Each structure stands twice: as C-alpha cells, then as structure tokens.
Amino acid sequence: MAETVIQVSNLTKRYDGVLAVDRISFTIAQGEIVGYLGPNGAGKSTTVKMLTGVLRPTEGSILIDGLDLLKAPIEVKRRIGYVPETGGVYESLTAYEYLQLVGRLYHIPEELLEHRIEEFLRMLGLDGVMHERLSSYSKGMRQKVLISAALLHNPKVLFLDEPLTGLDAHSALLVKELIRRLAAEGKTIFYCSHILDVVERTCTRVIILHKGRIVADGSVERLKELTRQGTLEDIFKQLTYSADIEELAQAFARSIVEMSA
Ligand code: ADP
Ligand code: MG
C-alpha cells in the first residue's frame, strides 16, 4: 500500500453566512493524481486554500505527510507546492527575479536555484524573456511562472487550482504531461478543475464536489460503473444537475432580449 499523503477529516469552511465546504473527508495516497471537480462555486478553491494553509478551516483536520497543518504550518509548507487560481505576481520583477525571490524564501541554495530557474524557464519556453518584467507577460506566460514557482523547492504534494486557464493548446499539453511525469516520480497531485475532459485523461481518481459536499469519489471507471453513464461529463451532469440551470439560462436570455427591446 502506498503511503497516505493527504488526510482530511470533516473539513468545513463557513464564510459569514455561506457554507462553502461542508464536512468533507478523504484520504489520498502518494503518487495519486486526483481530479477535484465541481461546478463554479462548489467549494474547490476554498478546499485548496485550506489544504495549503491560506485559509483557516472553520472545523475539521488536515494532515499532510502525517503532519497536522494547523500545528506545523511551516513544516507542511516545505512539502507542498500551490498554483492558485488567481495568482498575483510582482509585476515590476522579471520572471527570473520573481523565481529567485520565491526560491530564497524556501532557502534553496543559490547555485541549485539558478540552475532550476534556468532549466524550468527553458522547458516552458520562457528562456528568451526571463529577464523581462512580468508586467509584459501574457496570462499564459504568468501561469507558467506560477507553476515553476510552485515546483522550485521540489515539493512532495502539488496543488493546482485550474492550472490550464489561459494556456494555449501546446502549453496545456506540456503541463498535462508534466503532471503525469511528476506523479510517476512519486509526487501527489491535487488538481482542481471544472474542465472535465482534461481531468478524465490525466487523473487516476476523481472527487466530485457539489455545494460543498462530496457527491462522488473513485476512479473514472468505477464512477462510470456506479452511475451507468458513458463519460465523465455525463456523470458530472447527473451528480451536480440542478433544474436551476435551465431556468437560469432561460431567465438570463429573456432579460437580455428585454434589455435590447
Ligand atoms: P469553486 O472554486 O468551486 O468555484 P469557491 O471555493 O471559490 O468555489 O467558492 C465556494 C463558495 O464560497 C461560493 O458560494 C463562493 O461565493 C463562496 N466564497 C468564496 N470565497 C469567499 C469569500 N472570501 N467570502 C465569502 N464567500 C466566499
Ligand atoms: Mg475555484
């Protein structure tokens, strides 16, 4: 049995009135690529923010690599990398300077750091612009810098929140391949997405979240069996379907027509 790397029990987050994550529990083993799926507002980003120590849970516990995140946040942060959904970068720094800053925060020895930055940026096709300011970077280029930043300290667990947003097809393929390679090397990947096909091809396991609750957890094959649905998209629709969608679309379309009338 592979070692347990993430253990979450009864995790809950309540923002003033809104119950964003509602008593979720799961265990993830080393080397798994877990797709964490759900429609907008399901609570995916809130979960990841709690798992990375950005947000404090309202209730529940989180163990990463056997360590309690709330008791040993620094030790845990050494072991994890996080690519946030909306990542801020320091616009006035160059990609090289930004990664240098991040690497120094992790106390990576200078020589190794220089080597890694150059290597990562070369692989991601940014070597030609690494000394240009991030303010001149496109969304996709920034995303590559954020992915590099999350991997600089060679973390054991990688949390990715909608990592392909803004990437062109070629870069998206590169990132997907990178995820597979990292998992093959024993890294554990927690991958949040609302884009289903990407997940279906990359993940070994899928957890589906709906209104803050886990509604399914298993391999894509197992989920297909259970729900007798053909594709992950059908499963997703079945589990997270609400009549509101059609009503909303109709009301929205009507209001647009009325506005222009
Ligand atoms: P997802 O990433 O799955 O789209 P989120 O975790 O971002 O979902 O949001 C889950 C719910 O929590 C949504 O209803 C959202 O409006 C609410 N929410 C998220 N962040 C905040 C916040 N900082 N304050 C209040 N409510 C929030
Ligand atoms: Mg989100």
# chains A, B, ... in the order shown; residues from 1 in each chain; ligands from 1
call {"tool": "residues_near_ligand", "arguments": {"ligand": "ligand 1", "cutoff": "7 Å", "atoms": "only C-alpha atoms and all ligand atoms", "output": "ChimeraX atom specification"}}
result
/A:15-16,18-20,38-47
call {"tool": "write_last_selection", "arguments": {"atoms": "all heavy atoms", "output": "mmCIF file, in the first residue's frame"}}
result
data_model
loop_
_atom_site.group_PDB
_atom_site.id
_atom_site.type_symbol
_atom_site.label_atom_id
_atom_site.label_comp_id
_atom_site.auth_asym_id
_atom_site.auth_seq_id
_atom_site.Cartn_x
_atom_site.Cartn_y
_atom_site.Cartn_z
ATOM 1 N N TYR A 15 -18.039 31.001 5.371
ATOM 2 C CA TYR A 15 -17.759 32.442 5.281
ATOM 3 C C TYR A 15 -19.017 33.083 5.831
ATOM 4 O O TYR A 15 -20.092 32.551 5.580
ATOM 5 C CB TYR A 15 -17.606 32.872 3.824
ATOM 6 C CG TYR A 15 -16.460 32.255 3.049
ATOM 7 C CD1 TYR A 15 -16.709 31.293 2.075
ATOM 8 C CD2 TYR A 15 -15.152 32.671 3.251
ATOM 9 C CE1 TYR A 15 -15.673 30.759 1.318
ATOM 10 C CE2 TYR A 15 -14.118 32.130 2.493
ATOM 11 C CZ TYR A 15 -14.392 31.181 1.532
ATOM 12 O OH TYR A 15 -13.389 30.658 0.788
ATOM 13 N N ASP A 16 -18.950 34.228 6.417
ATOM 14 C CA ASP A 16 -20.145 34.847 7.098
ATOM 15 C C ASP A 16 -21.436 34.197 6.676
ATOM 16 O O ASP A 16 -21.836 34.185 6.099
ATOM 17 C CB ASP A 16 -20.331 36.317 6.663
ATOM 18 C CG ASP A 16 -19.100 37.111 6.968
ATOM 19 O OD1 ASP A 16 -18.602 37.029 8.083
ATOM 20 O OD2 ASP A 16 -18.623 37.754 6.024
ATOM 21 N N VAL A 18 -22.179 31.912 4.389
ATOM 22 C CA VAL A 18 -22.091 30.907 3.308
ATOM 23 C C VAL A 18 -21.318 29.665 3.764
ATOM 24 O O VAL A 18 -20.187 29.772 4.236
ATOM 25 C CB VAL A 18 -21.348 31.495 2.079
ATOM 26 C CG1 VAL A 18 -21.296 30.480 0.943
ATOM 27 C CG2 VAL A 18 -21.994 32.791 1.624
ATOM 28 N N LEU A 19 -21.982 28.519 3.636
ATOM 29 C CA LEU A 19 -21.297 27.265 3.958
ATOM 30 C C LEU A 19 -20.616 26.792 2.668
ATOM 31 O O LEU A 19 -21.251 26.190 1.813
ATOM 32 C CB LEU A 19 -22.327 26.231 4.462
ATOM 33 C CG LEU A 19 -21.766 24.908 4.960
ATOM 34 C CD1 LEU A 19 -20.786 25.108 6.106
ATOM 35 C CD2 LEU A 19 -22.908 24.000 5.412
ATOM 36 N N ALA A 20 -19.341 27.110 2.512
ATOM 37 C CA ALA A 20 -18.643 26.848 1.240
ATOM 38 C C ALA A 20 -18.162 25.403 1.143
ATOM 39 O O ALA A 20 -18.184 24.799 0.078
ATOM 40 C CB ALA A 20 -17.476 27.808 1.082
ATOM 41 N N GLY A 38 -16.027 20.079 -9.831
ATOM 42 C CA GLY A 38 -17.314 20.604 -9.390
ATOM 43 C C GLY A 38 -17.619 21.867 -10.149
ATOM 44 O O GLY A 38 -16.704 22.527 -10.637
ATOM 45 N N PRO A 39 -18.892 22.208 -10.233
ATOM 46 C CA PRO A 39 -19.254 23.443 -10.944
ATOM 47 C C PRO A 39 -18.743 24.685 -10.205
ATOM 48 O O PRO A 39 -18.271 24.567 -9.066
ATOM 49 C CB PRO A 39 -20.783 23.400 -10.957
ATOM 50 C CG PRO A 39 -21.196 22.404 -9.933
ATOM 51 C CD PRO A 39 -20.044 21.486 -9.703
ATOM 52 N N ASN A 40 -18.836 25.828 -10.833
ATOM 53 C CA ASN A 40 -18.418 27.074 -10.186
ATOM 54 C C ASN A 40 -19.125 27.237 -8.850
ATOM 55 O O ASN A 40 -20.319 27.005 -8.753
ATOM 56 C CB ASN A 40 -18.786 28.291 -11.049
ATOM 57 C CG ASN A 40 -17.921 28.375 -12.286
ATOM 58 O OD1 ASN A 40 -16.778 27.941 -12.266
ATOM 59 N ND2 ASN A 40 -18.463 28.918 -13.350
ATOM 60 N N GLY A 41 -18.382 27.620 -7.836
ATOM 61 C CA GLY A 41 -18.983 27.865 -6.528
ATOM 62 C C GLY A 41 -19.149 26.611 -5.684
ATOM 63 O O GLY A 41 -19.676 26.667 -4.576
ATOM 64 N N ALA A 42 -18.686 25.461 -6.173
ATOM 65 C CA ALA A 42 -18.850 24.201 -5.443
ATOM 66 C C ALA A 42 -18.022 24.172 -4.148
ATOM 67 O O ALA A 42 -18.354 23.449 -3.211
ATOM 68 C CB ALA A 42 -18.464 23.027 -6.329
ATOM 69 N N GLY A 43 -16.929 24.939 -4.135
ATOM 70 C CA GLY A 43 -16.072 24.954 -2.947
ATOM 71 C C GLY A 43 -14.674 24.407 -3.197
ATOM 72 O O GLY A 43 -13.906 24.168 -2.256
ATOM 73 N N LYS A 44 -14.298 24.252 -4.467
ATOM 74 C CA LYS A 44 -12.984 23.686 -4.809
ATOM 75 C C LYS A 44 -11.839 24.589 -4.327
ATOM 76 O O LYS A 44 -10.932 24.127 -3.634
ATOM 77 C CB LYS A 44 -12.860 23.487 -6.333
ATOM 78 C CG LYS A 44 -13.929 22.616 -6.940
ATOM 79 C CD LYS A 44 -13.740 22.456 -8.437
ATOM 80 C CE LYS A 44 -13.844 23.752 -9.240
ATOM 81 N NZ LYS A 44 -15.184 24.372 -9.237
ATOM 82 N N SER A 45 -11.896 25.854 -4.712
ATOM 83 C CA SER A 45 -10.797 26.758 -4.328
ATOM 84 C C SER A 45 -10.728 26.922 -2.817
ATOM 85 O O SER A 45 -9.640 26.993 -2.247
ATOM 86 C CB SER A 45 -10.976 28.126 -4.997
ATOM 87 O OG SER A 45 -10.870 27.991 -6.400
ATOM 88 N N THR A 46 -11.883 26.964 -2.181
ATOM 89 C CA THR A 46 -11.900 27.088 -0.716
ATOM 90 C C THR A 46 -11.206 25.872 -0.085
ATOM 91 O O THR A 46 -10.417 26.012 0.851
ATOM 92 C CB THR A 46 -13.357 27.197 -0.210
ATOM 93 O OG1 THR A 46 -13.947 28.353 -0.811
ATOM 94 C CG2 THR A 46 -13.419 27.321 1.293
ATOM 95 N N THR A 47 -11.470 24.682 -0.624
ATOM 96 C CA THR A 47 -10.822 23.474 -0.106
ATOM 97 C C THR A 47 -9.313 23.590 -0.238
ATOM 98 O O THR A 47 -8.568 23.357 0.727
ATOM 99 C CB THR A 47 -11.284 22.218 -0.893
ATOM 100 O OG1 THR A 47 -12.695 22.142 -0.881
ATOM 101 C CG2 THR A 47 -10.690 20.954 -0.295
#
call {"tool": "residues_around", "arguments": {"residues": "region 65-74 of chain A", "least_positions_apart": "5", "cutoff": "9 Å", "atoms": "only C-alpha atoms", "output": "PyMOL selection string"}}
result
chain A and resi 3-7+51-53+56+79+156-157
call {"tool": "write_last_selection", "arguments": {"atoms": "all heavy atoms", "output": "JSON list (two decimals), in the first residue's frame"}}
result
[["chain", "number", "residue", "atom", "x", "y", "z"],
["A", 3, "GLU", "N", 1.91, 5.03, 0.73],
["A", 3, "GLU", "CA", 1.82, 5.86, 1.92],
["A", 3, "GLU", "C", 0.71, 6.92, 1.78],
["A", 3, "GLU", "O", 0.50, 7.46, 0.70],
["A", 3, "GLU", "CB", 3.20, 6.53, 2.03],
["A", 3, "GLU", "CG", 3.39, 7.51, 3.13],
["A", 3, "GLU", "CD", 4.60, 8.39, 2.84],
["A", 3, "GLU", "OE1", 5.38, 8.10, 1.90],
["A", 3, "GLU", "OE2", 4.76, 9.37, 3.55],
["A", 4, "THR", "N", 0.01, 7.19, 2.87],
["A", 4, "THR", "CA", -1.01, 8.25, 2.85],
["A", 4, "THR", "C", -0.32, 9.60, 2.92],
["A", 4, "THR", "O", 0.52, 9.82, 3.78],
["A", 4, "THR", "CB", -1.95, 8.11, 4.07],
["A", 4, "THR", "OG1", -2.69, 6.91, 3.91],
["A", 4, "THR", "CG2", -2.91, 9.28, 4.17],
["A", 5, "VAL", "N", -0.67, 10.50, 2.02],
["A", 5, "VAL", "CA", -0.02, 11.81, 1.99],
["A", 5, "VAL", "C", -0.96, 12.94, 2.42],
["A", 5, "VAL", "O", -0.53, 13.91, 3.03],
["A", 5, "VAL", "CB", 0.58, 12.07, 0.58],
["A", 5, "VAL", "CG1", 1.14, 13.47, 0.50],
["A", 5, "VAL", "CG2", 1.68, 11.07, 0.28],
["A", 6, "ILE", "N", -2.23, 12.78, 2.08],
["A", 6, "ILE", "CA", -3.20, 13.81, 2.50],
["A", 6, "ILE", "C", -4.34, 13.11, 3.23],
["A", 6, "ILE", "O", -4.89, 12.13, 2.73],
["A", 6, "ILE", "CB", -3.79, 14.57, 1.29],
["A", 6, "ILE", "CG1", -2.69, 15.19, 0.43],
["A", 6, "ILE", "CG2", -4.79, 15.64, 1.75],
["A", 6, "ILE", "CD1", -3.19, 15.86, -0.85],
["A", 7, "GLN", "N", -4.63, 13.60, 4.41],
["A", 7, "GLN", "CA", -5.77, 13.04, 5.15],
["A", 7, "GLN", "C", -6.63, 14.18, 5.69],
["A", 7, "GLN", "O", -6.17, 14.99, 6.49],
["A", 7, "GLN", "CB", -5.26, 12.16, 6.29],
["A", 7, "GLN", "CG", -6.37, 11.32, 6.87],
["A", 7, "GLN", "CD", -5.84, 10.27, 7.83],
["A", 7, "GLN", "OE1", -4.63, 10.11, 8.00],
["A", 7, "GLN", "NE2", -6.74, 9.57, 8.48],
["A", 51, "LEU", "N", -6.25, 23.48, 2.42],
["A", 51, "LEU", "CA", -5.22, 22.43, 2.39],
["A", 51, "LEU", "C", -3.81, 23.01, 2.29],
["A", 51, "LEU", "O", -2.83, 22.35, 2.60],
["A", 51, "LEU", "CB", -5.45, 21.47, 1.21],
["A", 51, "LEU", "CG", -6.72, 20.63, 1.26],
["A", 51, "LEU", "CD1", -6.80, 19.70, 0.05],
["A", 51, "LEU", "CD2", -6.78, 19.81, 2.54],
["A", 52, "THR", "N", -3.70, 24.25, 1.81],
["A", 52, "THR", "CA", -2.37, 24.87, 1.66],
["A", 52, "THR", "C", -2.09, 25.88, 2.77],
["A", 52, "THR", "O", -1.09, 26.59, 2.72],
["A", 52, "THR", "CB", -2.25, 25.56, 0.29],
["A", 52, "THR", "OG1", -3.37, 26.44, 0.12],
["A", 52, "THR", "CG2", -2.25, 24.54, -0.84],
["A", 53, "GLY", "N", -3.00, 25.97, 3.71],
["A", 53, "GLY", "CA", -2.76, 26.85, 4.85],
["A", 53, "GLY", "C", -3.02, 28.33, 4.58],
["A", 53, "GLY", "O", -2.65, 29.19, 5.36],
["A", 56, "ARG", "N", -8.00, 29.41, 7.15],
["A", 56, "ARG", "CA", -8.17, 28.56, 8.32],
["A", 56, "ARG", "C", -9.54, 27.88, 8.27],
["A", 56, "ARG", "O", -10.54, 28.55, 8.04],
["A", 56, "ARG", "CB", -8.08, 29.45, 9.55],
["A", 56, "ARG", "CG", -7.56, 28.74, 10.75],
["A", 56, "ARG", "CD", -7.53, 29.62, 11.98],
["A", 56, "ARG", "NE", -7.46, 28.73, 13.13],
["A", 56, "ARG", "CZ", -6.33, 28.15, 13.53],
["A", 56, "ARG", "NH1", -5.20, 28.41, 12.92],
["A", 56, "ARG", "NH2", -6.34, 27.31, 14.56],
["A", 79, "ARG", "N", 6.66, 21.01, 2.19],
["A", 79, "ARG", "CA", 6.34, 19.79, 1.45],
["A", 79, "ARG", "C", 5.34, 19.98, 0.32],
["A", 79, "ARG", "O", 5.06, 19.06, -0.42],
["A", 79, "ARG", "CB", 5.78, 18.74, 2.42],
["A", 79, "ARG", "CG", 6.81, 18.21, 3.39],
["A", 79, "ARG", "CD", 6.10, 17.50, 4.53],
["A", 79, "ARG", "NE", 6.99, 16.68, 5.30],
["A", 79, "ARG", "CZ", 7.83, 17.14, 6.22],
["A", 79, "ARG", "NH1", 7.90, 18.43, 6.46],
["A", 79, "ARG", "NH2", 8.62, 16.30, 6.89],
["A", 156, "LYS", "N", 6.56, 17.57, -2.32],
["A", 156, "LYS", "CA", 6.06, 16.20, -2.38],
["A", 156, "LYS", "C", 4.61, 16.17, -2.90],
["A", 156, "LYS", "O", 4.19, 15.23, -3.55],
["A", 156, "LYS", "CB", 6.09, 15.67, -0.93],
["A", 156, "LYS", "CG", 6.13, 14.20, -0.81],
["A", 156, "LYS", "CD", 6.48, 13.78, 0.62],
["A", 156, "LYS", "CE", 6.22, 12.30, 0.73],
["A", 156, "LYS", "NZ", 6.61, 11.75, 2.02],
["A", 157, "VAL", "N", 3.89, 17.22, -2.58],
["A", 157, "VAL", "CA", 2.48, 17.32, -2.98],
["A", 157, "VAL", "C", 2.28, 18.61, -3.75],
["A", 157, "VAL", "O", 2.79, 19.67, -3.35],
["A", 157, "VAL", "CB", 1.55, 17.37, -1.74],
["A", 157, "VAL", "CG1", 0.10, 17.26, -2.16],
["A", 157, "VAL", "CG2", 1.90, 16.29, -0.74]]
call {"tool": "residues_around", "arguments": {"residues": "Leu164 (chain A)", "least_positions_apart": "4", "cutoff": "9 Å", "atoms": "only C-alpha atoms", "output": "PyMOL selection string"}}
result
chain A and resi 140+143+168+171-172+175-176+193
call {"tool": "write_last_selection", "arguments": {"atoms": "N, CA and C atoms", "output": "PDB file, in the first residue's frame"}}
result
ATOM      1  N   GLY A 140      -1.026  33.419 -19.925  1.00  0.00           N
ATOM      2  CA  GLY A 140      -0.441  32.082 -20.047  1.00  0.00           C
ATOM      3  C   GLY A 140       1.008  32.041 -19.601  1.00  0.00           C
ATOM      4  N   GLN A 143       1.132  32.185 -15.920  1.00  0.00           N
ATOM      5  CA  GLN A 143       0.725  30.895 -15.370  1.00  0.00           C
ATOM      6  C   GLN A 143       1.916  29.938 -15.333  1.00  0.00           C
ATOM      7  N   ASP A 168      -2.184  28.207 -23.947  1.00  0.00           N
ATOM      8  CA  ASP A 168      -2.523  27.770 -25.295  1.00  0.00           C
ATOM      9  C   ASP A 168      -2.461  26.235 -25.341  1.00  0.00           C
ATOM     10  N   SER A 171       0.955  24.571 -24.602  1.00  0.00           N
ATOM     11  CA  SER A 171       1.381  24.689 -23.204  1.00  0.00           C
ATOM     12  C   SER A 171       0.526  23.819 -22.294  1.00  0.00           C
ATOM     13  N   ALA A 172      -0.768  23.728 -22.621  1.00  0.00           N
ATOM     14  CA  ALA A 172      -1.660  22.892 -21.814  1.00  0.00           C
ATOM     15  C   ALA A 172      -1.206  21.430 -21.888  1.00  0.00           C
ATOM     16  N   VAL A 175       1.855  20.966 -19.726  1.00  0.00           N
ATOM     17  CA  VAL A 175       1.550  20.911 -18.296  1.00  0.00           C
ATOM     18  C   VAL A 175       0.940  19.556 -17.925  1.00  0.00           C
ATOM     19  N   LYS A 176       0.048  19.060 -18.784  1.00  0.00           N
ATOM     20  CA  LYS A 176      -0.574  17.750 -18.511  1.00  0.00           C
ATOM     21  C   LYS A 176       0.488  16.653 -18.464  1.00  0.00           C
ATOM     22  N   SER A 193     -10.495  21.363 -11.108  1.00  0.00           N
ATOM     23  CA  SER A 193     -10.894  21.804 -12.431  1.00  0.00           C
ATOM     24  C   SER A 193     -12.389  21.686 -12.636  1.00  0.00           C
TER      25      SER A 193
END
call {"tool": "residues_around", "arguments": {"residues": "Lys144 (chain A)", "least_positions_apart": "4", "cutoff": "9 Å", "atoms": "only C-alpha atoms", "output": "list in words"}}
result
Leu121, Leu124, Leu126, Lys139, Gly140, Ser148, Ala149, Leu167, Ser171 and Val175 of chain A
call {"tool": "closest_residue", "arguments": {"among": "A:Arg122, A:Arg14, A:Arg180, A:Lys49", "to": "ligand 2", "atoms": "only C-alpha atoms and all ligand atoms"}}
result
A:Lys49
call {"tool": "select_by_dssp", "arguments": {"residues": "region 65-147 of chain A", "states": "strand (DSSP E)", "output": "ChimeraX atom specification"}}
result
/A:67-68,80-83
call {"tool": "write_last_selection", "arguments": {"atoms": "all heavy atoms", "output": "compact mmCIF listing (two decimals), in the first residue's frame"}}
result
# COMPACT_ATOMS: atom_id res chain seq x y z
N LEU A 67 1.70 15.22 9.03
CA LEU A 67 1.82 16.39 9.91
C LEU A 67 0.51 17.18 9.95
O LEU A 67 -0.14 17.35 8.91
CB LEU A 67 2.92 17.33 9.39
CG LEU A 67 4.34 16.79 9.39
CD1 LEU A 67 5.23 17.65 8.50
CD2 LEU A 67 4.87 16.76 10.82
N ASP A 68 0.19 17.67 11.12
CA ASP A 68 -1.03 18.46 11.27
C ASP A 68 -0.76 19.88 10.76
O ASP A 68 0.07 20.61 11.31
CB ASP A 68 -1.41 18.48 12.76
CG ASP A 68 -2.73 19.18 13.00
OD1 ASP A 68 -3.11 20.06 12.20
OD2 ASP A 68 -3.40 18.83 14.00
N ILE A 80 4.75 21.18 0.27
CA ILE A 80 3.70 21.38 -0.74
C ILE A 80 4.01 22.52 -1.71
O ILE A 80 4.72 23.46 -1.37
CB ILE A 80 2.32 21.64 -0.08
CG1 ILE A 80 2.33 22.95 0.72
CG2 ILE A 80 1.91 20.47 0.79
CD1 ILE A 80 0.99 23.30 1.33
N GLY A 81 3.48 22.38 -2.91
CA GLY A 81 3.53 23.46 -3.89
C GLY A 81 2.09 23.82 -4.23
O GLY A 81 1.22 22.95 -4.20
N TYR A 82 1.86 25.10 -4.55
CA TYR A 82 0.48 25.55 -4.78
C TYR A 82 0.44 26.51 -5.95
O TYR A 82 1.15 27.51 -5.96
CB TYR A 82 -0.02 26.21 -3.48
CG TYR A 82 -1.35 26.92 -3.54
CD1 TYR A 82 -2.43 26.41 -4.25
CD2 TYR A 82 -1.55 28.09 -2.81
CE1 TYR A 82 -3.66 27.06 -4.26
CE2 TYR A 82 -2.77 28.75 -2.81
CZ TYR A 82 -3.82 28.24 -3.53
OH TYR A 82 -5.04 28.89 -3.53
N VAL A 83 -0.37 26.17 -6.94
CA VAL A 83 -0.60 27.11 -8.05
C VAL A 83 -2.03 27.62 -7.87
O VAL A 83 -2.99 26.90 -8.12
CB VAL A 83 -0.47 26.42 -9.42
CG1 VAL A 83 -0.72 27.41 -10.56
CG2 VAL A 83 0.91 25.78 -9.57
call {"tool": "residues_around", "arguments": {"residues": "Val34 (chain A)", "least_positions_apart": "2", "cutoff": "12 Å", "atoms": "only C-alpha atoms", "output": "number ranges by chain"}}
result
A: 6, 26-32, 36-37, 157-161, 179-180, 183, 187-193, 199-208, 217-220
call {"tool": "write_last_selection", "arguments": {"atoms": "N, CA and C atoms", "output": "compact mmCIF listing (two decimals), in the first residue's frame"}}
result
# COMPACT_ATOMS: atom_id res chain seq x y z
N ILE A 6 -2.23 12.78 2.08
CA ILE A 6 -3.20 13.81 2.50
C ILE A 6 -4.34 13.11 3.23
N PHE A 26 -11.49 12.80 3.07
CA PHE A 26 -10.89 11.89 2.10
C PHE A 26 -9.43 11.63 2.47
N THR A 27 -8.90 10.55 1.88
CA THR A 27 -7.51 10.19 2.10
C THR A 27 -6.88 10.01 0.73
N ILE A 28 -5.68 10.57 0.53
CA ILE A 28 -5.02 10.45 -0.77
C ILE A 28 -3.62 9.86 -0.57
N ALA A 29 -3.31 8.86 -1.41
CA ALA A 29 -2.03 8.17 -1.27
C ALA A 29 -0.98 8.80 -2.17
N GLN A 30 0.27 8.53 -1.84
CA GLN A 30 1.39 9.04 -2.63
C GLN A 30 1.28 8.59 -4.09
N GLY A 31 1.54 9.51 -5.01
CA GLY A 31 1.54 9.18 -6.43
C GLY A 31 0.19 9.27 -7.12
N GLU A 32 -0.86 9.53 -6.34
CA GLU A 32 -2.18 9.67 -6.97
C GLU A 32 -2.29 11.03 -7.67
N TYR A 36 -10.19 17.14 -8.67
CA TYR A 36 -11.18 17.63 -7.73
C TYR A 36 -12.12 18.51 -8.53
N LEU A 37 -13.29 17.94 -8.80
CA LEU A 37 -14.20 18.56 -9.77
C LEU A 37 -15.45 19.12 -9.14
N VAL A 157 3.89 17.22 -2.58
CA VAL A 157 2.48 17.32 -2.98
C VAL A 157 2.28 18.61 -3.75
N LEU A 158 1.56 18.52 -4.86
CA LEU A 158 1.32 19.71 -5.67
C LEU A 158 -0.18 19.97 -5.77
N PHE A 159 -0.59 21.18 -5.39
CA PHE A 159 -1.99 21.59 -5.51
C PHE A 159 -2.12 22.54 -6.68
N LEU A 160 -2.99 22.18 -7.62
CA LEU A 160 -3.17 23.01 -8.81
C LEU A 160 -4.64 23.42 -8.88
N ASP A 161 -4.88 24.73 -8.92
CA ASP A 161 -6.26 25.21 -8.99
C ASP A 161 -6.52 25.77 -10.38
N ILE A 179 2.44 16.90 -15.30
CA ILE A 179 1.70 16.34 -14.17
C ILE A 179 1.87 14.82 -14.11
N ARG A 180 1.74 14.18 -15.28
CA ARG A 180 1.91 12.71 -15.32
C ARG A 180 3.31 12.29 -14.88
N ALA A 183 3.82 12.67 -11.14
CA ALA A 183 3.15 11.59 -10.40
C ALA A 183 3.96 10.30 -10.52
N LYS A 187 5.27 12.05 -6.88
CA LYS A 187 4.59 13.24 -6.33
C LYS A 187 3.09 12.97 -6.30
N THR A 188 2.43 13.62 -5.39
CA THR A 188 0.98 13.50 -5.31
C THR A 188 0.38 14.79 -5.87
N ILE A 189 -0.63 14.64 -6.72
CA ILE A 189 -1.18 15.81 -7.40
C ILE A 189 -2.66 15.98 -7.05
N PHE A 190 -3.01 17.17 -6.61
CA PHE A 190 -4.40 17.50 -6.31
C PHE A 190 -4.80 18.58 -7.29
N TYR A 191 -5.68 18.20 -8.21
CA TYR A 191 -5.92 19.01 -9.40
C TYR A 191 -7.37 19.47 -9.46
N CYS A 192 -7.59 20.76 -9.24
CA CYS A 192 -8.96 21.30 -9.27
C CYS A 192 -9.32 21.75 -10.65
N SER A 193 -10.50 21.36 -11.11
CA SER A 193 -10.89 21.80 -12.43
C SER A 193 -12.39 21.69 -12.64
N VAL A 199 -9.36 16.33 -17.11
CA VAL A 199 -9.23 15.52 -15.91
C VAL A 199 -9.37 14.04 -16.24
N GLU A 200 -10.33 13.75 -17.07
CA GLU A 200 -10.60 12.35 -17.41
C GLU A 200 -9.35 11.67 -17.94
N ARG A 201 -8.57 12.40 -18.72
CA ARG A 201 -7.38 11.78 -19.32
C ARG A 201 -6.15 11.81 -18.43
N THR A 202 -6.15 12.65 -17.44
CA THR A 202 -4.93 12.81 -16.64
C THR A 202 -5.02 12.15 -15.26
N CYS A 203 -6.23 12.12 -14.68
CA CYS A 203 -6.33 11.72 -13.28
C CYS A 203 -6.52 10.23 -13.08
N THR A 204 -6.04 9.74 -11.93
CA THR A 204 -6.24 8.34 -11.58
C THR A 204 -7.49 8.20 -10.71
N ARG A 205 -7.92 9.33 -10.17
CA ARG A 205 -9.08 9.29 -9.30
C ARG A 205 -9.80 10.64 -9.38
N VAL A 206 -11.10 10.59 -9.17
CA VAL A 206 -11.89 11.82 -9.27
C VAL A 206 -12.74 11.98 -8.02
N ILE A 207 -12.72 13.19 -7.48
CA ILE A 207 -13.64 13.51 -6.38
C ILE A 207 -14.55 14.62 -6.90
N ILE A 208 -15.84 14.41 -6.81
CA ILE A 208 -16.77 15.43 -7.31
C ILE A 208 -17.44 16.15 -6.14
N ASP A 217 -16.59 9.80 -5.30
CA ASP A 217 -15.15 9.66 -5.10
C ASP A 217 -14.74 8.28 -5.62
N GLY A 218 -13.93 8.24 -6.66
CA GLY A 218 -13.49 6.95 -7.17
C GLY A 218 -12.75 7.09 -8.48
N SER A 219 -12.38 5.96 -9.06
CA SER A 219 -11.71 6.02 -10.35
C SER A 219 -12.76 6.38 -11.40
N VAL A 220 -12.33 6.91 -12.53
CA VAL A 220 -13.27 7.25 -13.58
C VAL A 220 -14.07 6.00 -13.97
call {"tool": "residues_around", "arguments": {"residues": "Tyr98 (chain A)", "least_positions_apart": "4", "cutoff": "9 Å", "atoms": "only C-alpha atoms", "output": "list in words"}}
result
Val89, Tyr90, Leu93, Thr94, Val102, Gly103, Leu134, Val145 and Ala149 of chain A
call {"tool": "closest_residue", "arguments": {"among": "A:Glu97, A:Glu59, A:Glu114, A:Glu75", "to": "Pro155 (chain A)", "atoms": "only C-alpha atoms"}}
result
A:Glu75
call {"tool": "closest_residue", "arguments": {"among": "A:Arg181, A:Arg222, A:His153, A:Lys211", "to": "Arg23 (chain A)", "atoms": "only C-alpha atoms"}}
result
A:Lys211
call {"tool": "select_by_dssp", "arguments": {"residues": "region 173-230 of chain A", "states": "alpha helix (DSSP H)", "output": "list in words"}}
result
Leu173, Leu174, Val175, Lys176, Glu177, Leu178, Ile179, Arg180, Arg181, Leu182, Ala183, Ala184, Leu196, Asp197, Val198, Val199, Glu200, Arg201, Thr202, Val220, Glu221, Arg222, Leu223, Lys224, Glu225, Leu226 and Thr227 of chain A
call {"tool": "residues_around", "arguments": {"residues": "Thr58 (chain A)", "least_positions_apart": "3", "cutoff": "8 Å", "atoms": "only C-alpha atoms", "output": "short mmCIF file (atom, residue, chain, number, x, y, z; two decimals) with N, CA, C and O atoms, in the first residue's frame"}}
result
data_model
loop_
_atom_site.label_atom_id
_atom_site.label_comp_id
_atom_site.auth_asym_id
_atom_site.auth_seq_id
_atom_site.Cartn_x
_atom_site.Cartn_y
_atom_site.Cartn_z
N LEU A 11 -13.70 18.40 7.12
CA LEU A 11 -13.27 19.76 6.82
C LEU A 11 -14.46 20.63 6.43
O LEU A 11 -15.27 20.27 5.58
N THR A 12 -14.54 21.78 7.09
CA THR A 12 -15.68 22.69 6.89
C THR A 12 -15.20 24.13 6.82
O THR A 12 -14.29 24.51 7.55
N LYS A 13 -15.77 24.89 5.89
CA LYS A 13 -15.50 26.33 5.88
C LYS A 13 -16.78 27.12 5.72
O LYS A 13 -17.56 26.87 4.80
N ARG A 14 -16.98 28.03 6.63
CA ARG A 14 -18.14 28.88 6.58
C ARG A 14 -17.66 30.32 6.46
O ARG A 14 -16.82 30.76 7.25
#
call {"tool": "atom_distance", "arguments": {"atom1": "CA of Ile24 (chain A)", "atom2": "CA of Asn10 (chain A)"}}
result
4.9 Å
call {"tool": "closest_residue", "arguments": {"among": "A:Gly88, A:Gly166, A:Gly17, A:Gly35", "to": "Ser138 (chain A)", "atoms": "only C-alpha atoms"}}
result
A:Gly166
call {"tool": "atom_distance", "arguments": {"atom1": "CA of Ile108 (chain A)", "atom2": "CA of Leu152 (chain A)"}}
result
8.3 Å
